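Undergrad: Take a look at this one; I'll ask things after.
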Amino acid sequence: MTVRAEDLDEALTCVSAALTPVTGGDWTRPAGDLEWDCRYTAEHLGDTLLSYAAQVVSRPADRYVRFLAKTEDGASPAELLEFALTGGRLLAAAVRAGRPDERAYHPTGNSDPAGFAAMGCVELLLHGDDIAQGLGVAIDPPREACARVVARLFPEQEPIPDAWDALRWCAGRIGLPGRPRRTGWKWRGSPLEDRSIPEE
């Protein structure tokens, strides 16, 4: 169940469809359960996705590519969303150009392009959901993409019927019947065929 650039495309479409209609809202409101507001969350999202794209393209073995991406002061909510989605589109392009045998640094284990695609989907969908909650709307994530992401990043987890619930539970966002909300969770960045992940 390899995560693909197409999964990123679907996550981007989902987030854009939910948030574009509310770019006239108050993006200084808190984003879901986060301590961040919607503006900062969107900026963080764009920076993270651009960082993942840089990792896939440059492939450093022991560090992140050294940059910080920010929006200009006074960027509108529509421009903040554009920045976040641009990061995702550039990551998708990098994943398409990458090879399965390539690896780049991530603190949860040096990862291949599919791993960075999976991590990008998590960032897009969870932070997209945070922003959506802050603005009183909902996202409708692609369930098959969510299932591939869970299988790639959380391979030890037993199946949960709804893949969106599974992704949110694995990432410590929700509790489920018989499954308390997780704390101290970590995904696996390295591919399953690679031997180990870093110790905490």
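So you can find residues: chains in the structure tokens are A, B, ... in the order shown, residues in each start at 1, and ligands are numbered from 1 in order.
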For Arg96 (chain A), find every residue with an atom within 7 Å (counting only C-alpha atoms), except residues of its own chain fewer than 3 positions away, and show them as a ChimeraX atom specification.
TA: /A:5,92-93
Undergrad: With N, CA and C atoms kept, could you save the residues just selected as a PDB file, in the first residue's frame?
TA:
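Saved as result.pdb:
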```
ATOM      1  N   ALA A   5       2.054  10.193  -4.906  1.00  0.00           N
ATOM      2  CA  ALA A   5       1.806  11.616  -5.124  1.00  0.00           C
ATOM      3  C   ALA A   5       0.318  11.881  -5.330  1.00  0.00           C
ATOM      4  N   ALA A  92       4.286  17.069  -3.834  1.00  0.00           N
ATOM      5  CA  ALA A  92       3.786  16.058  -4.774  1.00  0.00           C
ATOM      6  C   ALA A  92       4.682  15.970  -6.008  1.00  0.00           C
ATOM      7  N   ALA A  93       5.134  17.111  -6.520  1.00  0.00           N
ATOM      8  CA  ALA A  93       6.029  17.108  -7.688  1.00  0.00           C
ATOM      9  C   ALA A  93       7.354  16.436  -7.347  1.00  0.00           C
TER      10      ALA A  93
END
```
Undergrad: Could you please write out, as a short mmCIF file (atom, residue, chain, number, x, y, z; two decimals) with N, CA, C and O atoms, in the first residue's frame, every residue of region 12-158 of chain A that DSSP assigns to helix (DSSP H, G or I)?
TA:
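Wrote states27.cif, looks like this:
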```cif
data_model
loop_
_atom_site.label_atom_id
_atom_site.label_comp_id
_atom_site.auth_asym_id
_atom_site.auth_seq_id
_atom_site.Cartn_x
_atom_site.Cartn_y
_atom_site.Cartn_z
N LEU A 12 -4.83 17.47 -0.95
CA LEU A 12 -4.85 18.90 -1.32
C LEU A 12 -6.24 19.31 -1.77
O LEU A 12 -6.74 20.37 -1.38
N THR A 13 -6.86 18.49 -2.61
CA THR A 13 -8.21 18.81 -3.09
C THR A 13 -9.19 18.87 -1.94
O THR A 13 -10.03 19.78 -1.86
N CYS A 14 -9.07 17.94 -1.01
CA CYS A 14 -9.95 17.90 0.17
C CYS A 14 -9.82 19.17 0.99
O CYS A 14 -10.82 19.81 1.35
N VAL A 15 -8.58 19.54 1.31
CA VAL A 15 -8.35 20.71 2.16
C VAL A 15 -8.77 21.99 1.44
O VAL A 15 -9.41 22.87 2.04
N SER A 16 -8.44 22.08 0.17
CA SER A 16 -8.83 23.27 -0.60
C SER A 16 -10.35 23.41 -0.66
O SER A 16 -10.90 24.51 -0.48
N ALA A 17 -11.05 22.31 -0.89
CA ALA A 17 -12.51 22.36 -1.00
C ALA A 17 -13.15 22.82 0.30
O ALA A 17 -14.15 23.55 0.29
N ALA A 18 -12.58 22.41 1.43
CA ALA A 18 -13.15 22.79 2.72
C ALA A 18 -12.82 24.22 3.11
O ALA A 18 -13.67 24.94 3.66
N LEU A 19 -11.59 24.67 2.83
CA LEU A 19 -11.13 25.95 3.37
C LEU A 19 -11.28 27.13 2.43
O LEU A 19 -11.39 28.26 2.89
N THR A 20 -11.30 26.91 1.13
CA THR A 20 -11.44 28.03 0.20
C THR A 20 -12.72 28.83 0.47
O THR A 20 -12.69 30.07 0.48
N PRO A 21 -13.86 28.18 0.73
CA PRO A 21 -15.08 28.96 0.97
C PRO A 21 -15.06 29.79 2.25
O PRO A 21 -15.92 30.67 2.41
N VAL A 22 -14.12 29.53 3.17
CA VAL A 22 -14.11 30.26 4.45
C VAL A 22 -12.89 31.16 4.58
O VAL A 22 -12.52 31.56 5.68
N CYS A 38 -5.60 29.84 13.35
CA CYS A 38 -5.68 29.30 12.00
C CYS A 38 -4.60 29.88 11.09
O CYS A 38 -4.06 29.16 10.24
N ARG A 39 -4.28 31.15 11.27
CA ARG A 39 -3.23 31.78 10.45
C ARG A 39 -1.89 31.07 10.65
O ARG A 39 -1.23 30.68 9.69
N TYR A 40 -1.50 30.92 11.90
CA TYR A 40 -0.20 30.30 12.17
C TYR A 40 -0.19 28.85 11.72
O TYR A 40 0.83 28.35 11.21
N THR A 41 -1.30 28.15 11.90
CA THR A 41 -1.38 26.75 11.49
C THR A 41 -1.18 26.62 9.99
O THR A 41 -0.46 25.72 9.51
N ALA A 42 -1.80 27.49 9.20
CA ALA A 42 -1.62 27.46 7.75
C ALA A 42 -0.17 27.76 7.38
O ALA A 42 0.40 27.11 6.48
N GLU A 43 0.44 28.71 8.05
CA GLU A 43 1.84 29.03 7.76
C GLU A 43 2.75 27.86 8.12
O GLU A 43 3.67 27.51 7.36
N HIS A 44 2.51 27.25 9.28
CA HIS A 44 3.27 26.07 9.67
C HIS A 44 3.12 24.96 8.63
O HIS A 44 4.10 24.28 8.27
N LEU A 45 1.92 24.77 8.14
CA LEU A 45 1.66 23.73 7.16
C LEU A 45 2.46 23.97 5.89
O LEU A 45 3.12 23.05 5.37
N GLY A 46 2.44 25.20 5.38
CA GLY A 46 3.21 25.51 4.18
C GLY A 46 4.69 25.28 4.38
O GLY A 46 5.37 24.69 3.52
N ASP A 47 5.22 25.72 5.51
CA ASP A 47 6.64 25.54 5.81
C ASP A 47 7.00 24.06 5.89
O ASP A 47 8.02 23.62 5.34
N THR A 48 6.19 23.28 6.57
CA THR A 48 6.48 21.85 6.73
C THR A 48 6.46 21.14 5.39
O THR A 48 7.35 20.32 5.08
N LEU A 49 5.47 21.41 4.57
CA LEU A 49 5.37 20.73 3.27
C LEU A 49 6.52 21.14 2.35
O LEU A 49 7.07 20.29 1.63
N LEU A 50 6.90 22.40 2.37
CA LEU A 50 8.06 22.82 1.59
C LEU A 50 9.34 22.16 2.10
O LEU A 50 10.22 21.78 1.32
N SER A 51 9.45 22.02 3.41
CA SER A 51 10.60 21.35 4.00
C SER A 51 10.67 19.89 3.55
O SER A 51 11.75 19.39 3.18
N TYR A 52 9.54 19.20 3.54
CA TYR A 52 9.53 17.82 3.08
C TYR A 52 9.92 17.75 1.60
O TYR A 52 10.67 16.83 1.20
N ALA A 53 9.43 18.67 0.79
CA ALA A 53 9.82 18.69 -0.62
C ALA A 53 11.33 18.87 -0.76
O ALA A 53 11.97 18.21 -1.59
N ALA A 54 11.89 19.76 0.03
CA ALA A 54 13.34 19.98 -0.01
C ALA A 54 14.10 18.71 0.37
O ALA A 54 15.14 18.40 -0.21
N GLN A 55 13.59 17.97 1.37
CA GLN A 55 14.26 16.73 1.76
C GLN A 55 14.27 15.73 0.61
O GLN A 55 15.28 15.09 0.33
N VAL A 56 13.13 15.59 -0.06
CA VAL A 56 13.03 14.63 -1.16
C VAL A 56 13.97 15.01 -2.30
O VAL A 56 14.63 14.15 -2.90
N VAL A 57 14.09 16.30 -2.58
CA VAL A 57 14.91 16.76 -3.70
C VAL A 57 16.40 16.73 -3.37
O VAL A 57 17.22 16.28 -4.18
N SER A 58 16.78 17.18 -2.17
CA SER A 58 18.19 17.32 -1.83
C SER A 58 18.78 16.10 -1.12
O SER A 58 19.99 15.90 -1.15
N PRO A 77 -6.08 35.50 4.50
CA PRO A 77 -6.34 34.07 4.64
C PRO A 77 -6.25 33.31 3.32
O PRO A 77 -5.72 32.20 3.28
N ALA A 78 -6.74 33.90 2.24
CA ALA A 78 -6.64 33.23 0.94
C ALA A 78 -5.18 33.03 0.54
O ALA A 78 -4.82 31.99 -0.02
N GLU A 79 -4.34 34.00 0.85
CA GLU A 79 -2.91 33.88 0.52
C GLU A 79 -2.21 32.88 1.44
O GLU A 79 -1.30 32.16 1.01
N LEU A 80 -2.63 32.81 2.70
CA LEU A 80 -2.10 31.79 3.60
C LEU A 80 -2.46 30.39 3.11
O LEU A 80 -1.61 29.48 3.11
N LEU A 81 -3.69 30.21 2.69
CA LEU A 81 -4.10 28.91 2.16
C LEU A 81 -3.33 28.60 0.88
O LEU A 81 -2.89 27.46 0.69
N GLU A 82 -3.16 29.59 0.03
CA GLU A 82 -2.38 29.39 -1.20
C GLU A 82 -0.96 28.91 -0.87
O GLU A 82 -0.42 28.00 -1.51
N PHE A 83 -0.35 29.52 0.14
CA PHE A 83 1.00 29.14 0.57
C PHE A 83 1.03 27.68 1.03
O PHE A 83 1.90 26.90 0.63
N ALA A 84 0.06 27.29 1.85
CA ALA A 84 0.01 25.91 2.34
C ALA A 84 -0.18 24.92 1.19
O ALA A 84 0.52 23.90 1.11
N LEU A 85 -1.10 25.23 0.30
CA LEU A 85 -1.36 24.32 -0.83
C LEU A 85 -0.18 24.27 -1.79
O LEU A 85 0.11 23.21 -2.38
N THR A 86 0.51 25.39 -1.96
CA THR A 86 1.71 25.41 -2.81
C THR A 86 2.76 24.46 -2.26
O THR A 86 3.40 23.70 -3.01
N GLY A 87 2.96 24.48 -0.93
CA GLY A 87 3.90 23.54 -0.33
C GLY A 87 3.53 22.10 -0.65
O GLY A 87 4.39 21.27 -0.98
N GLY A 88 2.25 21.78 -0.57
CA GLY A 88 1.80 20.44 -0.87
C GLY A 88 1.99 20.07 -2.33
O GLY A 88 2.37 18.94 -2.65
N ARG A 89 1.73 21.01 -3.23
CA ARG A 89 1.91 20.72 -4.66
C ARG A 89 3.38 20.51 -5.00
O ARG A 89 3.73 19.64 -5.83
N LEU A 90 4.26 21.29 -4.39
CA LEU A 90 5.69 21.10 -4.64
C LEU A 90 6.17 19.76 -4.06
O LEU A 90 7.01 19.09 -4.66
N LEU A 91 5.63 19.37 -2.91
CA LEU A 91 5.97 18.06 -2.37
C LEU A 91 5.50 16.96 -3.32
O LEU A 91 6.24 16.00 -3.58
N ALA A 92 4.29 17.07 -3.83
CA ALA A 92 3.79 16.06 -4.77
C ALA A 92 4.68 15.97 -6.01
O ALA A 92 4.98 14.87 -6.49
N ALA A 93 5.13 17.11 -6.52
CA ALA A 93 6.03 17.11 -7.69
C ALA A 93 7.35 16.44 -7.35
O ALA A 93 7.91 15.66 -8.15
N ALA A 94 7.88 16.72 -6.15
CA ALA A 94 9.14 16.10 -5.73
C ALA A 94 8.98 14.59 -5.60
O ALA A 94 9.87 13.81 -5.99
N VAL A 95 7.86 14.14 -5.02
CA VAL A 95 7.61 12.71 -4.86
C VAL A 95 7.53 12.03 -6.22
O VAL A 95 8.09 10.94 -6.43
N ARG A 96 6.87 12.67 -7.17
CA ARG A 96 6.77 12.09 -8.51
C ARG A 96 8.15 11.92 -9.16
O ARG A 96 8.37 10.98 -9.91
N ALA A 97 9.05 12.85 -8.88
CA ALA A 97 10.39 12.80 -9.48
C ALA A 97 11.35 11.89 -8.74
O ALA A 97 12.41 11.54 -9.25
N PRO A 113 10.67 8.75 -0.79
CA PRO A 113 9.64 9.68 -1.25
C PRO A 113 8.23 9.29 -0.80
O PRO A 113 7.42 10.17 -0.44
N ALA A 114 7.92 8.00 -0.79
CA ALA A 114 6.58 7.57 -0.35
C ALA A 114 6.34 7.93 1.11
O ALA A 114 5.22 8.30 1.49
N GLY A 115 7.37 7.82 1.94
CA GLY A 115 7.24 8.20 3.34
C GLY A 115 6.97 9.68 3.50
O GLY A 115 6.13 10.09 4.32
N PHE A 116 7.69 10.50 2.73
CA PHE A 116 7.43 11.94 2.81
C PHE A 116 6.05 12.29 2.26
O PHE A 116 5.39 13.20 2.76
N ALA A 117 5.59 11.54 1.25
CA ALA A 117 4.22 11.74 0.78
C ALA A 117 3.23 11.44 1.89
O ALA A 117 2.26 12.18 2.11
N ALA A 118 3.47 10.34 2.61
CA ALA A 118 2.57 9.97 3.72
C ALA A 118 2.59 11.02 4.81
O ALA A 118 1.53 11.43 5.32
N MET A 119 3.79 11.49 5.18
CA MET A 119 3.88 12.53 6.21
C MET A 119 3.20 13.81 5.76
O MET A 119 2.55 14.50 6.55
N GLY A 120 3.35 14.13 4.48
CA GLY A 120 2.67 15.31 3.94
C GLY A 120 1.16 15.18 4.01
O GLY A 120 0.46 16.15 4.34
N CYS A 121 0.65 13.98 3.74
CA CYS A 121 -0.80 13.77 3.85
C CYS A 121 -1.27 13.96 5.29
O CYS A 121 -2.32 14.56 5.53
N VAL A 122 -0.50 13.44 6.25
CA VAL A 122 -0.87 13.63 7.65
C VAL A 122 -0.94 15.11 7.99
O VAL A 122 -1.91 15.60 8.59
N GLU A 123 0.11 15.85 7.61
CA GLU A 123 0.13 17.29 7.91
C GLU A 123 -1.05 18.00 7.26
O GLU A 123 -1.75 18.80 7.90
N LEU A 124 -1.27 17.72 5.99
CA LEU A 124 -2.37 18.37 5.27
C LEU A 124 -3.72 18.08 5.90
O LEU A 124 -4.51 18.99 6.15
N LEU A 125 -3.99 16.81 6.14
CA LEU A 125 -5.32 16.43 6.60
C LEU A 125 -5.56 16.83 8.05
O LEU A 125 -6.63 17.35 8.39
N LEU A 126 -4.57 16.61 8.92
CA LEU A 126 -4.80 16.95 10.33
C LEU A 126 -4.82 18.45 10.54
O LEU A 126 -5.70 18.98 11.23
N HIS A 127 -3.86 19.16 9.97
CA HIS A 127 -3.87 20.62 10.15
C HIS A 127 -4.97 21.27 9.33
O HIS A 127 -5.52 22.31 9.74
N GLY A 128 -5.31 20.70 8.19
CA GLY A 128 -6.48 21.18 7.47
C GLY A 128 -7.73 21.04 8.31
O GLY A 128 -8.59 21.93 8.35
N ASP A 129 -7.83 19.91 9.01
CA ASP A 129 -8.97 19.68 9.90
C ASP A 129 -8.94 20.66 11.08
O ASP A 129 -9.99 21.17 11.49
N ASP A 130 -7.75 20.93 11.63
CA ASP A 130 -7.65 21.91 12.72
C ASP A 130 -8.20 23.27 12.28
O ASP A 130 -8.99 23.89 13.00
N ILE A 131 -7.76 23.72 11.11
CA ILE A 131 -8.21 25.02 10.61
C ILE A 131 -9.71 24.99 10.35
O ILE A 131 -10.45 25.92 10.70
N ALA A 132 -10.17 23.89 9.74
CA ALA A 132 -11.60 23.77 9.46
C ALA A 132 -12.43 23.84 10.74
O ALA A 132 -13.46 24.54 10.79
N GLN A 133 -11.99 23.14 11.78
CA GLN A 133 -12.72 23.20 13.05
C GLN A 133 -12.76 24.63 13.58
O GLN A 133 -13.80 25.08 14.09
N GLY A 134 -11.64 25.33 13.48
CA GLY A 134 -11.59 26.70 13.97
C GLY A 134 -12.55 27.62 13.24
O GLY A 134 -13.02 28.62 13.80
N ARG A 143 -10.69 8.31 2.07
CA ARG A 143 -10.46 7.21 3.00
C ARG A 143 -9.38 6.25 2.51
O ARG A 143 -8.61 5.73 3.31
N GLU A 144 -9.31 5.99 1.21
CA GLU A 144 -8.28 5.06 0.72
C GLU A 144 -6.89 5.65 0.94
O GLU A 144 -5.96 4.92 1.30
N ALA A 145 -6.74 6.93 0.72
CA ALA A 145 -5.45 7.58 0.98
C ALA A 145 -5.12 7.49 2.47
O ALA A 145 -3.98 7.20 2.85
N CYS A 146 -6.11 7.74 3.33
CA CYS A 146 -5.88 7.63 4.77
C CYS A 146 -5.42 6.23 5.14
O CYS A 146 -4.50 6.05 5.97
N ALA A 147 -6.03 5.21 4.54
CA ALA A 147 -5.65 3.82 4.84
C ALA A 147 -4.21 3.56 4.43
O ALA A 147 -3.45 2.88 5.16
N ARG A 148 -3.80 4.05 3.28
CA ARG A 148 -2.41 3.86 2.83
C ARG A 148 -1.44 4.58 3.77
O ARG A 148 -0.36 4.07 4.08
N VAL A 149 -1.80 5.78 4.22
CA VAL A 149 -0.94 6.54 5.11
C VAL A 149 -0.77 5.81 6.44
O VAL A 149 0.34 5.69 6.97
N VAL A 150 -1.87 5.30 7.00
CA VAL A 150 -1.78 4.57 8.27
C VAL A 150 -0.91 3.33 8.10
O VAL A 150 -0.04 3.05 8.94
N ALA A 151 -1.09 2.59 7.02
CA ALA A 151 -0.30 1.38 6.79
C ALA A 151 1.18 1.70 6.66
O ALA A 151 2.04 0.94 7.11
N ARG A 152 1.50 2.84 6.06
CA ARG A 152 2.91 3.22 5.84
C ARG A 152 3.57 3.76 7.11
O ARG A 152 4.70 3.39 7.44
N LEU A 153 2.88 4.63 7.84
CA LEU A 153 3.51 5.32 8.97
C LEU A 153 3.26 4.64 10.31
O LEU A 153 4.04 4.84 11.25
#
```
Undergrad: My list of candidates is A:Pro191, A:Gly136, A:Pro142, A:Pro60. Which is closest to Asp162 (chain A) when distances are computed with only C-alpha atoms?
TA: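 Result for the nearest residue to Asp162 (chain A): A:Pro142.
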Undergrad: Give the strand (DSSP E or B) residues of chain A, as DSSP finds them on the backbone, and put them as a compact mmCIF listing (two decimals) with N, CA and C atoms, in the first residue's frame.
TA:
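File written: result04.txt
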```txt
# COMPACT_ATOMS: atom_id res chain seq x y z
N PRO A 30 -8.71 30.16 17.22
CA PRO A 30 -7.91 28.95 17.48
C PRO A 30 -8.22 27.87 16.46
N ASP A 37 -3.39 29.69 16.26
CA ASP A 37 -4.57 30.14 15.53
C ASP A 37 -4.52 29.59 14.10
N ALA A 104 16.17 10.33 2.68
CA ALA A 104 16.53 11.64 3.20
C ALA A 104 16.20 11.68 4.68
N SER A 111 13.78 8.62 5.35
CA SER A 111 12.58 8.21 4.63
C SER A 111 12.76 8.27 3.12
N LEU A 176 -11.08 6.51 20.75
CA LEU A 176 -12.11 5.66 20.15
C LEU A 176 -12.56 4.64 21.20
N ARG A 179 -10.13 2.43 22.92
CA ARG A 179 -8.81 2.92 22.53
C ARG A 179 -8.67 4.36 23.03
```
Undergrad: Between CA of Asp140 (chain A) and CA of Glu10 (chain A), what distance in Å does the model show, to one decimal?
TA: 10.6 Å
